[in-house]
$ cat query38.txt   # compact mmCIF, C-alpha atoms
# COMPACT_ATOMS: atom_id res chain seq x y z
CA MET A 303 -35.59 -32.99 -26.21
CA THR A 304 -31.95 -33.46 -25.35
CA SER A 305 -29.82 -31.57 -22.91
CA THR A 306 -26.09 -31.12 -23.25
CA PRO A 307 -24.29 -32.30 -20.12
CA PRO A 308 -22.27 -29.49 -18.60
CA PRO A 309 -18.48 -29.87 -18.89
CA ASP A 310 -16.54 -30.96 -15.83
CA ILE A 311 -15.73 -27.99 -13.58
CA GLU A 312 -12.09 -29.03 -13.38
CA GLU A 313 -11.83 -28.89 -17.15
CA VAL A 314 -13.49 -25.45 -17.24
CA LEU A 315 -11.17 -24.08 -14.54
CA ARG A 316 -8.08 -25.46 -16.26
CA GLY A 317 -9.14 -23.65 -19.43
CA LEU A 318 -9.54 -20.21 -17.85
CA PRO A 319 -7.60 -17.59 -19.79
CA THR A 320 -4.70 -15.76 -18.16
CA PRO A 321 -5.35 -12.05 -18.71
CA SER A 322 -2.13 -10.07 -19.02
CA LEU A 323 -0.98 -7.06 -17.10
CA SER A 324 -0.81 -3.92 -19.22
CA SER A 325 2.69 -2.86 -20.25
CA ASP A 326 2.14 0.35 -18.32
CA ALA A 327 1.43 -1.56 -15.09
CA ARG A 328 4.40 -3.83 -15.74
CA GLN A 329 6.72 -0.82 -16.07
CA ARG A 330 5.38 0.71 -12.88
CA HIS A 331 5.84 -2.54 -10.98
CA LEU A 332 9.39 -3.03 -12.20
CA ALA A 333 10.24 0.56 -11.29
CA MET A 334 8.77 0.00 -7.83
CA LEU A 335 10.80 -3.21 -7.38
CA ALA A 336 14.00 -1.44 -8.54
CA GLU A 337 13.29 1.27 -5.99
CA LEU A 338 12.82 -1.33 -3.25
CA ALA A 339 16.09 -2.98 -4.20
CA SER A 340 18.00 0.28 -4.07
CA ALA A 341 16.53 1.30 -0.70
CA PRO A 342 18.93 0.88 2.22
CA SER A 343 18.45 -2.25 4.33
CA PRO A 344 16.45 -1.80 7.51
CA ARG A 345 18.55 -0.95 10.55
CA ARG A 346 19.27 -3.27 13.43
CA ARG A 347 16.15 -4.18 15.38
CA TRP A 348 15.65 -2.65 18.80
CA SER A 349 14.80 -4.78 21.74
CA ARG A 350 11.08 -5.34 22.19
CA TRP A 351 10.62 -3.27 25.38
CA ARG A 352 12.57 -0.35 23.99
CA LYS A 353 10.63 -0.38 20.75
CA PHE A 354 7.35 -0.65 22.63
CA THR A 355 8.11 2.21 25.00
CA ILE A 356 9.45 4.57 22.37
CA THR A 357 6.70 3.79 19.87
CA GLY A 358 3.99 4.17 22.51
CA LEU A 359 5.30 7.52 23.72
CA SER A 360 5.80 8.79 20.18
CA VAL A 361 2.30 7.79 19.14
CA LEU A 362 0.76 9.46 22.18
CA LEU A 363 2.77 12.62 21.68
CA ALA A 364 2.23 12.83 17.93
CA GLY A 365 -1.45 11.94 18.28
CA GLY A 366 -2.00 14.63 20.90
CA ILE A 367 -0.22 17.28 18.89
CA GLY A 368 -1.89 16.23 15.65
CA VAL A 369 -5.43 16.13 17.00
CA GLY A 370 -4.95 19.40 18.84
CA ALA A 371 -3.54 21.16 15.80
CA ALA A 372 -6.17 19.74 13.47
CA ALA A 373 -8.99 20.72 15.81
CA ALA A 374 -7.55 24.20 16.17
CA LEU A 375 -7.30 24.66 12.44
CA GLY A 376 -10.64 22.98 11.69
CA VAL A 377 -9.12 20.68 9.12
CA PHE A 378 -11.20 17.57 9.79
CA SER A 379 -12.47 17.12 6.28
CA GLU A 380 -12.80 14.58 3.48
CA PRO A 381 -9.51 13.02 2.42
CA PRO A 382 -8.34 13.95 -1.10
CA PRO A 383 -9.62 11.53 -3.76
CA ASP A 384 -7.37 8.66 -4.77
CA ARG A 385 -6.99 9.33 -8.48
CA SER A 386 -4.58 6.45 -9.05
CA THR A 387 -7.47 4.39 -10.47
CA ALA A 388 -9.31 5.41 -13.64
CA HIS A 389 -12.06 3.76 -15.69
CA CYS A 390 -12.72 3.15 -19.40
CA PHE A 391 -16.40 2.95 -20.36
CA THR A 392 -17.79 1.63 -23.63
CA THR A 393 -21.17 3.34 -23.15
CA ASP A 394 -22.43 6.34 -21.18
CA ASP A 395 -24.11 4.19 -18.53
CA LEU A 396 -22.88 4.29 -14.94
CA HIS A 397 -25.01 1.36 -13.80
CA ASP A 398 -24.14 -1.32 -16.34
CA ARG A 399 -21.69 -3.73 -14.71
CA THR A 400 -20.10 -5.00 -17.89
CA ASN A 401 -19.39 -1.80 -19.85
CA HIS A 402 -16.33 -0.61 -17.99
CA GLU A 403 -13.03 -1.68 -16.57
CA ASP A 404 -10.66 0.01 -14.22
CA PHE A 405 -6.91 0.31 -14.34
CA MET A 406 -4.20 2.22 -12.56
CA VAL A 407 -2.75 5.46 -13.87
CA ALA A 408 -0.28 5.83 -10.98
CA ASN A 409 0.85 3.94 -7.93
CA LYS A 410 -1.90 3.51 -5.35
CA GLY A 411 -2.17 6.44 -2.97
CA SER A 412 0.23 8.66 -4.91
CA ALA A 413 -0.82 12.27 -5.29
CA ILE A 414 -1.57 12.53 -9.01
CA ARG A 415 -3.15 15.71 -10.36
CA GLU A 416 -6.53 15.53 -12.08
CA THR A 417 -5.05 16.76 -15.37
CA ASP A 418 -2.34 14.07 -15.32
CA ALA A 419 -4.81 11.32 -14.39
CA ALA A 420 -7.19 12.44 -17.14
CA SER A 421 -4.54 12.59 -19.88
CA LYS A 422 -3.15 9.19 -18.90
CA ALA A 423 -6.67 7.71 -18.79
CA MET A 424 -7.51 9.17 -22.23
CA GLU A 425 -4.33 7.68 -23.64
CA ILE A 426 -4.99 4.20 -22.18
CA CYS A 427 -8.67 4.12 -23.17
CA ALA A 428 -7.92 5.32 -26.72
CA GLY A 429 -5.41 2.45 -26.94
CA GLY A 430 -8.14 0.01 -25.86
CA TRP A 431 -10.46 1.22 -28.62
CA GLN A 432 -7.67 1.17 -31.19
CA GLN A 433 -6.73 -2.43 -30.35
CA GLY A 434 -10.37 -3.50 -30.67
CA ARG A 435 -10.66 -4.34 -26.97
CA TYR A 436 -13.63 -1.99 -26.70
CA SER A 437 -16.40 -1.94 -29.25
CA ALA A 438 -19.45 0.28 -29.64
CA THR A 439 -21.46 -2.53 -31.26
CA ASP A 440 -20.62 -5.02 -28.51
CA PRO A 441 -20.06 -2.96 -25.36
CA LYS A 442 -19.53 -5.85 -22.91
CA ILE A 443 -15.90 -6.05 -21.87
CA LEU A 444 -14.59 -9.60 -21.61
CA LEU A 445 -11.55 -10.91 -19.79
CA ASP A 446 -10.60 -12.83 -22.86
CA PRO A 447 -11.63 -10.59 -25.74
CA LYS A 448 -11.58 -11.91 -29.27
CA PRO A 449 -8.87 -9.97 -31.11
CA GLY A 450 -10.48 -7.01 -32.83
CA PRO A 451 -9.33 -5.55 -36.13
CA ALA A 452 -5.99 -3.81 -35.73
CA ASN A 453 -6.18 -0.02 -35.78
CA SER A 454 -9.90 0.06 -35.07
CA PRO A 455 -11.41 3.54 -35.17
CA VAL A 456 -11.30 5.44 -31.90
CA PRO A 457 -14.55 7.30 -31.21
CA PRO A 458 -14.46 10.81 -29.76
CA LEU A 459 -13.70 10.36 -26.07
CA VAL A 460 -14.29 12.57 -23.07
CA ALA A 461 -12.89 12.37 -19.55
CA CYS A 462 -15.37 13.04 -16.75
CA VAL A 463 -14.77 13.23 -13.01
CA LEU A 464 -16.75 10.48 -11.27
CA ARG A 465 -18.40 11.07 -7.91
CA ASN A 466 -15.44 9.59 -6.05
CA GLY A 467 -13.02 11.99 -7.76
CA GLN A 468 -11.59 9.39 -10.14
CA VAL A 469 -11.52 9.84 -13.89
CA GLY A 470 -13.92 7.95 -16.19
CA VAL A 471 -13.40 8.05 -19.96
CA PHE A 472 -16.59 7.76 -22.04
CA PRO A 473 -17.27 7.75 -25.78
CA GLY A 474 -18.82 11.15 -26.48
CA ASP A 475 -18.17 14.78 -25.76
CA GLU A 476 -18.61 17.23 -22.91
CA GLN A 477 -22.39 16.83 -23.19
CA THR A 478 -21.94 13.18 -22.16
CA CYS A 479 -20.46 14.26 -18.83
CA HIS A 480 -23.24 16.80 -18.33
CA LYS A 481 -25.90 14.19 -19.14
CA LEU A 482 -24.44 11.93 -16.45
CA GLY A 483 -24.33 14.82 -13.98
CA LEU A 484 -20.53 14.74 -13.89
CA PRO A 485 -18.01 17.54 -14.35
CA VAL A 486 -15.64 17.37 -17.32
CA ALA A 487 -12.10 16.51 -16.26
CA GLU A 488 -9.46 19.10 -17.03
CA ILE A 489 -6.74 17.96 -19.39
CA MET B 819 34.30 -26.72 -1.42
CA PRO B 820 32.27 -23.57 -1.71
CA TYR B 821 30.32 -24.42 -4.86
CA GLY B 822 29.49 -28.02 -4.00
CA ARG B 823 25.90 -27.23 -3.01
CA VAL B 824 25.18 -25.15 -6.08
CA ARG B 825 25.60 -28.14 -8.36
CA THR B 826 22.60 -29.87 -6.85
CA MET B 827 20.35 -26.84 -7.37
CA SER B 828 17.99 -26.25 -10.24
CA ALA B 829 18.67 -23.19 -12.39
CA GLN B 830 15.78 -21.34 -10.80
CA GLN B 831 16.93 -22.14 -7.29
CA GLY B 832 20.31 -20.69 -8.23
CA LEU B 833 18.62 -17.61 -9.63
CA TRP B 834 16.58 -17.27 -6.46
CA GLU B 835 19.76 -17.40 -4.39
CA GLN B 836 21.00 -14.43 -6.40
CA ALA B 837 17.73 -12.61 -5.69
CA VAL B 838 18.06 -13.41 -1.99
CA ALA B 839 21.54 -11.91 -2.07
CA GLY B 840 19.98 -8.68 -3.35
CA ASP B 841 20.28 -9.07 -7.12
CA HIS B 842 17.39 -7.03 -8.42
CA GLN B 843 17.71 -8.34 -11.99
CA ALA B 844 17.40 -11.91 -10.77
CA PHE B 845 14.26 -10.97 -8.86
CA ALA B 846 12.88 -9.21 -11.93
CA THR B 847 13.16 -12.52 -13.81
CA PHE B 848 10.72 -14.05 -11.33
CA TYR B 849 8.46 -11.03 -11.75
CA GLU B 850 8.44 -11.46 -15.56
CA ARG B 851 7.74 -15.16 -15.17
CA HIS B 852 4.81 -14.93 -12.77
CA ALA B 853 3.32 -11.43 -12.92
CA ASP B 854 0.52 -12.40 -15.34
CA ARG B 855 -0.41 -15.48 -13.28
CA VAL B 856 -0.62 -13.47 -10.07
CA PHE B 857 -2.55 -10.71 -11.84
CA ALA B 858 -5.07 -13.18 -13.35
CA HIS B 859 -5.50 -14.86 -9.96
CA CYS B 860 -6.28 -11.51 -8.30
CA LEU B 861 -8.52 -10.40 -11.17
CA TYR B 862 -10.66 -13.54 -10.89
CA ARG B 863 -11.05 -12.93 -7.18
CA THR B 864 -11.63 -9.18 -7.13
CA GLY B 865 -13.20 -8.43 -10.51
CA SER B 866 -11.17 -5.21 -10.70
CA ARG B 867 -8.15 -4.68 -12.92
CA ALA B 868 -6.94 -1.80 -10.75
CA ASP B 869 -7.14 -3.85 -7.56
CA ALA B 870 -5.53 -6.82 -9.29
CA GLU B 871 -2.64 -4.65 -10.54
CA ASP B 872 -2.14 -3.20 -7.09
CA LEU B 873 -2.29 -6.59 -5.37
CA THR B 874 0.22 -8.01 -7.85
CA ALA B 875 2.65 -5.21 -7.05
CA GLU B 876 2.11 -5.70 -3.32
CA ALA B 877 2.62 -9.48 -3.50
CA PHE B 878 5.96 -9.03 -5.29
CA ALA B 879 7.00 -6.29 -2.87
CA ARG B 880 6.31 -8.68 0.01
CA ALA B 881 8.25 -11.41 -1.77
CA TRP B 882 11.22 -9.04 -2.05
CA HIS B 883 11.12 -8.18 1.64
CA ALA B 884 10.63 -11.81 2.71
CA ARG B 885 12.97 -13.30 0.09
CA ALA B 886 15.34 -14.77 2.66
CA LYS B 887 12.47 -16.77 4.15
CA VAL B 888 10.73 -17.84 0.94
CA ARG B 889 11.55 -21.42 0.05
CA VAL B 890 11.90 -22.08 -3.66
CA SER B 891 10.85 -25.43 -5.04
CA ALA B 892 12.55 -26.78 -8.13
CA GLU B 893 9.15 -27.42 -9.68
CA ALA B 894 7.23 -24.20 -9.19
CA ASP B 895 9.67 -21.70 -7.63
CA ILE B 896 7.90 -18.85 -5.83
CA LEU B 897 4.49 -19.01 -7.53
CA PRO B 898 2.62 -20.86 -4.73
CA TRP B 899 4.02 -18.41 -2.18
CA LEU B 900 2.97 -15.42 -4.30
CA LEU B 901 -0.57 -16.70 -4.85
CA VAL B 902 -1.15 -17.46 -1.19
CA THR B 903 0.30 -14.07 -0.19
CA ALA B 904 -2.03 -12.41 -2.69
CA ASN B 905 -4.93 -14.26 -1.04
CA HIS B 906 -3.92 -12.92 2.39
CA LEU B 907 -3.70 -9.41 0.97
CA MET B 908 -7.14 -9.77 -0.60
CA LEU B 909 -8.64 -10.91 2.69
CA GLN B 910 -7.10 -7.92 4.45
CA GLN B 911 -8.39 -5.62 1.72
CA HIS B 912 -11.84 -7.17 1.93
CA ARG B 913 -11.98 -6.48 5.67
CA LYS B 914 -10.92 -2.89 5.10
CA ALA B 915 -13.49 -2.52 2.34
CA ALA B 916 -16.21 -3.78 4.64
CA ARG B 917 -15.29 -0.95 7.01
CA GLY B 918 -15.13 1.67 4.31
CA ARG B 919 -18.14 0.72 2.20
CA ARG B 920 -19.35 4.31 2.33
CA ALA B 921 -16.51 5.30 0.03
CA THR B 922 -17.42 2.57 -2.44
CA ARG B 923 -21.00 3.73 -2.65
CA ARG B 924 -19.80 7.20 -3.62
CA LEU B 925 -18.09 5.63 -6.63
CA ASN B 926 -21.51 4.96 -8.12
CA LEU B 927 -20.01 2.05 -10.04
CA GLU B 928 -20.86 -0.30 -7.37
CA ASP B 929 -20.59 -2.56 -4.51
CA GLU B 930 -19.09 -6.02 -4.35
CA PRO B 931 -16.61 -7.34 -6.88
CA ASP B 932 -18.61 -9.24 -9.44
CA ILE B 933 -17.07 -11.90 -11.59
CA ALA B 934 -19.97 -11.53 -13.98
CA ALA B 935 -18.65 -8.12 -14.83
CA VAL B 936 -15.35 -9.47 -16.05
CA VAL B 937 -16.49 -12.77 -17.52
CA ALA B 938 -19.63 -11.79 -19.35
CA ASP B 939 -21.70 -14.67 -20.67
CA ARG B 940 -21.44 -13.87 -24.33
CA ASP B 941 -21.18 -17.47 -25.42
CA GLU B 942 -21.33 -20.95 -23.98
CA VAL B 943 -17.66 -21.14 -22.98
CA GLU B 944 -17.93 -17.86 -21.11
CA HIS B 945 -21.15 -19.07 -19.51
CA HIS B 946 -19.44 -22.16 -18.09
CA ARG B 947 -16.44 -20.12 -16.95
CA ARG B 948 -18.68 -17.74 -15.10
CA ARG B 949 -20.51 -20.62 -13.44
CA ALA B 950 -17.26 -22.29 -12.44
CA LEU B 951 -15.96 -19.04 -10.93
CA GLN B 952 -19.22 -18.59 -9.05
CA VAL B 953 -18.82 -22.07 -7.58
CA LEU B 954 -15.21 -21.30 -6.67
CA ALA B 955 -16.25 -18.07 -4.94
CA GLY B 956 -18.79 -20.01 -2.86
CA LEU B 957 -16.30 -22.57 -1.52
CA SER B 958 -14.53 -22.31 1.81
CA GLU B 959 -11.19 -20.47 1.69
CA PRO B 960 -9.02 -23.65 2.02
CA ASP B 961 -11.01 -25.46 -0.70
CA ARG B 962 -10.87 -22.47 -3.00
CA GLU B 963 -7.17 -21.96 -2.46
CA VAL B 964 -6.13 -25.52 -3.21
CA ILE B 965 -8.24 -25.57 -6.41
CA GLU B 966 -6.82 -22.23 -7.52
CA LEU B 967 -3.27 -23.42 -6.97
CA CYS B 968 -3.54 -26.92 -8.45
CA VAL B 969 -6.26 -26.57 -11.07
CA VAL B 970 -6.50 -22.95 -12.23
CA ASN B 971 -2.75 -22.36 -12.03
CA GLY B 972 -1.79 -25.91 -12.96
CA LEU B 973 0.69 -26.47 -10.10
CA THR B 974 1.33 -30.04 -9.03
CA PRO B 975 0.46 -31.00 -5.43
CA THR B 976 4.18 -31.60 -4.87
CA ALA B 977 5.03 -28.05 -5.97
CA VAL B 978 2.30 -26.58 -3.77
CA ALA B 979 3.44 -28.72 -0.85
CA GLU B 980 7.05 -27.57 -1.23
CA GLY B 981 6.04 -23.93 -1.53
CA LEU B 982 3.73 -24.03 1.47
CA HIS B 983 5.74 -26.32 3.74
CA THR B 984 2.94 -28.90 3.81
CA PRO B 985 3.11 -32.65 3.11
CA ALA B 986 2.18 -33.46 -0.49
CA SER B 987 -0.31 -36.09 0.69
CA THR B 988 -2.20 -33.38 2.62
CA VAL B 989 -2.41 -31.23 -0.50
CA ARG B 990 -3.64 -34.20 -2.57
CA ASN B 991 -6.33 -35.09 -0.02
CA ARG B 992 -7.43 -31.47 0.29
CA LEU B 993 -7.61 -31.18 -3.48
CA ALA B 994 -9.68 -34.35 -3.88
CA ARG B 995 -12.14 -33.23 -1.20
CA ALA B 996 -12.36 -29.69 -2.59
CA LEU B 997 -12.99 -30.94 -6.14
CA ARG B 998 -15.73 -33.27 -4.90
CA ARG B 999 -17.49 -30.36 -3.24
CA ALA B 1000 -16.95 -28.10 -6.26
CA ARG B 1001 -18.41 -30.71 -8.65
CA ALA B 1002 -21.47 -31.15 -6.46
CA ALA B 1003 -22.01 -27.38 -6.30
CA TYR B 1004 -21.45 -26.98 -10.04
CA GLN B 1005 -23.91 -29.72 -10.92
CA SER B 1006 -26.59 -28.45 -8.61
CA LEU B 1007 -26.12 -24.94 -10.03
CA ASP B 1008 -26.43 -26.23 -13.57
CA ASN B 1009 -29.33 -28.58 -12.85
CA GLY B 1010 -31.33 -25.67 -11.56
CA THR B 1011 -30.88 -23.54 -14.64
CA GLU B 1012 -29.86 -25.75 -17.56
CA VAL B 1013 -32.29 -25.33 -20.43
CA ASP B 1014 -33.02 -28.18 -22.84
CA ALA B 1015 -31.54 -27.56 -26.25
$ encode --input "query38.txt" --output "structure tokens"
Amino acid sequence: MTSTPPPDIEEVLRGLPTPSLSSDARQRHLAMLAELASAPSPRRRWSRWRKFTITGLSVLLAGGIGVGAAAALGVFSEPPPDRSTAHCFTTDDLHDRTNHEDFMVANKGSAIRETDAASKAMEICAGGWQQGRYSATDPKILLDPKPGPANSPVPPLVACVLRNGQVGVFPGDEQTCHKLGLPVAEI
Amino acid sequence: MPYGRVRTMSAQQGLWEQAVAGDHQAFATFYERHADRVFAHCLYRTGSRADAEDLTAEAFARAWHARAKVRVSAEADILPWLLVTANHLMLQQHRKAARGRRATRRLNLEDEPDIAAVVADRDEVEHHRRRALQVLAGLSEPDREVIELCVVNGLTPTAVAEGLHTPASTVRNRLARALRRARAAYQSLDNGTEVDA
């Protein structure tokens, strides 16, 4: 009986792949940086005591008004879901940790409508299937996937609304969402 | 002689000066050069592509705002600064997540970031990668950081030292100590589970 000695950890870490950002994310980042660059420079800083006094008073005033108004209107409720993240699944299993990956369909915190998030998610996930990144026969998603055959077939896909309000795209049809106890996302 | 100093600069230091002066295109060059590295670094730590994309954007946004203060080394330009900033952002995010775990549970996709989810052990290489990342995740923050910078991202101790305003000898010593601890952890992990072929 022989055992193979494990490789040196340094060697393993040096050989880690460098996963790439999607072109969609890259475009969003560059647009965000262009926006930052075109924003006017911050104004002259106030002295510390003045800033402290004005900020403190403003916070107290705004807080008082806000809490009072919210209480009066009864609007203490769940915040709207952050739909900027969506998920591609390779199987209809919500508990498998290796069958899905998440990605952004809009900038974090931006108010994106469910229909827009769902169409964008469908487009991105279909691209993943087409490029062979996702496979029905081998549903585990790797960081460093072996290149699949170009123009791989895209299975029928359906967008469901996950329990946190984000969109998950699964292979299947509306029945898949129902089976998982999730509503179908509107596109 | 106004251009005397420029002659002693590397091309990337010159480009960074343009970025500092507000040249967005010059800054975008640094983005193109390092975005994948920063993204991979965040992905290995968080296990989430969405979080890694967001953290990458945030790290570059911070670099833009702090560009006048960021020191560029001829060897590694702003990469060490970006990676360490990303680490700070991840620690902040982790603290927030600990407060808001209720929201995560509602996701029904689950809990803590898990490297296993992004580096599945389909074959032997992936198996060793996963083990190595597990060891890395179990190290102290300073040990982990110096290994990530010098080993995973291939920066020289001199480049890291220049980027982080630390003596190069300190970085070398930290790296040697961190690798010793990582090797010990890796071996004990493998001894416990290695199966005879």
$ atom_distance --input "query38.txt" --atom1 "CA of Ser386 (chain A)" --atom2 "CA of Thr903 (chain B)"
22.9 Å
$ interface_residues --input "query38.txt" --of "chain A" --to "chain B" --cutoff "9 Å" --atoms "only C-alpha atoms" --output "PyMOL selection string"
chain A and resi 303-324+327-328+330-332+334-336+338-340+386-388+396-407+409-410+442-446+464-468
$ atom_distance --input "query38.txt" --atom1 "CA of Ala904 (chain B)" --atom2 "CA of Val978 (chain B)"
14.9 Å
$ residues_around --input "query38.txt" --residues "Arg889 (chain B)" --least-positions-apart "6" --cutoff "9 Å" --atoms "all atoms listed in the file" --output "list in words"
Asp895, Ile896, Trp899, Glu980, Gly981, Leu982 and His983 of chain B
$ atom_distance --input "query38.txt" --atom1 "CA of Cys427 (chain A)" --atom2 "CA of Ala333 (chain A)"
22.6 Å
$ closest_residue --input "query38.txt" --among "B:Lys887, B:Arg851, B:Arg998, B:His912" --to "Val838 (chain B)" --atoms "all atoms listed in the file"
B:Lys887
$ residues_around --input "query38.txt" --residues "Gly411 (chain A)" --least-positions-apart "2" --cutoff "9 Å" --atoms "all atoms listed in the file" --output "PyMOL selection string"
chain A and resi 384-386+408-409+413-414
$ residues_around --input "query38.txt" --residues "Pro458 (chain A)" --least-positions-apart "2" --cutoff "9 Å" --atoms "all atoms listed in the file" --output "PDB file with C-alpha atoms, in the frame of the given file"
ATOM      1  CA  VAL A 456     -11.300   5.440 -31.900  1.00  0.00           C
ATOM      2  CA  VAL A 460     -14.290  12.570 -23.070  1.00  0.00           C
ATOM      3  CA  PHE A 472     -16.590   7.760 -22.040  1.00  0.00           C
ATOM      4  CA  PRO A 473     -17.270   7.750 -25.780  1.00  0.00           C
ATOM      5  CA  GLY A 474     -18.820  11.150 -26.480  1.00  0.00           C
ATOM      6  CA  ASP A 475     -18.170  14.780 -25.760  1.00  0.00           C
TER       7      ASP A 475
END
$ residues_around --input "query38.txt" --residues "Val471 (chain A)" --least-positions-apart "6" --cutoff "7 Å" --atoms "all atoms listed in the file" --output "PDB file with C-alpha atoms, keeping the file's coordinate frame"
ATOM      1  CA  HIS A 389     -12.060   3.760 -15.690  1.00  0.00           C
ATOM      2  CA  CYS A 390     -12.720   3.150 -19.400  1.00  0.00           C
ATOM      3  CA  PHE A 391     -16.400   2.950 -20.360  1.00  0.00           C
ATOM      4  CA  ALA A 423      -6.670   7.710 -18.790  1.00  0.00           C
ATOM      5  CA  MET A 424      -7.510   9.170 -22.230  1.00  0.00           C
ATOM      6  CA  CYS A 427      -8.670   4.120 -23.170  1.00  0.00           C
ATOM      7  CA  LEU A 459     -13.700  10.360 -26.070  1.00  0.00           C
ATOM      8  CA  VAL A 460     -14.290  12.570 -23.070  1.00  0.00           C
ATOM      9  CA  ALA A 461     -12.890  12.370 -19.550  1.00  0.00           C
ATOM     10  CA  CYS A 462     -15.370  13.040 -16.750  1.00  0.00           C
TER      11      CYS A 462
END
$ decode --input "query38.txt" --residues "region 848-889 of chain B" --atoms "C-alpha atoms" --output "PDB file, in the first residue's frame"
ATOM      1  CA  PHE B 848      -5.634  50.079 -13.614  1.00  0.00           C
ATOM      2  CA  TYR B 849      -9.147  48.672 -13.380  1.00  0.00           C
ATOM      3  CA  GLU B 850      -8.618  46.561 -16.529  1.00  0.00           C
ATOM      4  CA  ARG B 851      -5.282  45.361 -15.206  1.00  0.00           C
ATOM      5  CA  HIS B 852      -6.404  44.269 -11.757  1.00  0.00           C
ATOM      6  CA  ALA B 853     -10.178  43.745 -11.748  1.00  0.00           C
ATOM      7  CA  ASP B 854      -9.952  39.958 -12.251  1.00  0.00           C
ATOM      8  CA  ARG B 855      -7.324  39.583  -9.505  1.00  0.00           C
ATOM      9  CA  VAL B 856      -9.416  41.549  -7.013  1.00  0.00           C
ATOM     10  CA  PHE B 857     -12.549  39.650  -8.046  1.00  0.00           C
ATOM     11  CA  ALA B 858     -10.837  36.243  -7.648  1.00  0.00           C
ATOM     12  CA  HIS B 859      -9.457  37.283  -4.260  1.00  0.00           C
ATOM     13  CA  CYS B 860     -12.944  38.265  -3.046  1.00  0.00           C
ATOM     14  CA  LEU B 861     -14.543  35.167  -4.562  1.00  0.00           C
ATOM     15  CA  TYR B 862     -12.141  32.855  -2.725  1.00  0.00           C
ATOM     16  CA  ARG B 863     -12.961  34.618   0.526  1.00  0.00           C
ATOM     17  CA  THR B 864     -16.722  35.005   0.204  1.00  0.00           C
ATOM     18  CA  GLY B 865     -17.769  32.106  -2.029  1.00  0.00           C
ATOM     19  CA  SER B 866     -20.286  34.395  -3.750  1.00  0.00           C
ATOM     20  CA  ARG B 867     -19.873  35.835  -7.233  1.00  0.00           C
ATOM     21  CA  ALA B 868     -22.367  38.609  -6.494  1.00  0.00           C
ATOM     22  CA  ASP B 869     -20.560  39.659  -3.320  1.00  0.00           C
ATOM     23  CA  ALA B 870     -17.198  39.414  -5.072  1.00  0.00           C
ATOM     24  CA  GLU B 871     -18.428  41.615  -7.952  1.00  0.00           C
ATOM     25  CA  ASP B 872     -19.790  44.154  -5.515  1.00  0.00           C
ATOM     26  CA  LEU B 873     -16.633  44.180  -3.386  1.00  0.00           C
ATOM     27  CA  THR B 874     -14.485  44.622  -6.489  1.00  0.00           C
ATOM     28  CA  ALA B 875     -16.512  47.664  -7.504  1.00  0.00           C
ATOM     29  CA  GLU B 876     -16.317  49.069  -3.983  1.00  0.00           C
ATOM     30  CA  ALA B 877     -12.540  48.546  -3.731  1.00  0.00           C
ATOM     31  CA  PHE B 878     -11.975  50.452  -6.982  1.00  0.00           C
ATOM     32  CA  ALA B 879     -14.394  53.193  -5.919  1.00  0.00           C
ATOM     33  CA  ARG B 880     -12.381  53.600  -2.714  1.00  0.00           C
ATOM     34  CA  ALA B 881      -9.165  53.657  -4.715  1.00  0.00           C
ATOM     35  CA  TRP B 882     -10.597  56.468  -6.842  1.00  0.00           C
ATOM     36  CA  HIS B 883     -11.570  58.520  -3.797  1.00  0.00           C
ATOM     37  CA  ALA B 884      -8.256  57.867  -2.022  1.00  0.00           C
ATOM     38  CA  ARG B 885      -6.081  58.083  -5.149  1.00  0.00           C
ATOM     39  CA  ALA B 886      -4.091  61.050  -3.880  1.00  0.00           C
ATOM     40  CA  LYS B 887      -3.032  59.027  -0.838  1.00  0.00           C
ATOM     41  CA  VAL B 888      -2.385  55.678  -2.522  1.00  0.00           C
ATOM     42  CA  ARG B 889       1.302  55.080  -3.069  1.00  0.00           C
TER      43      ARG B 889
END
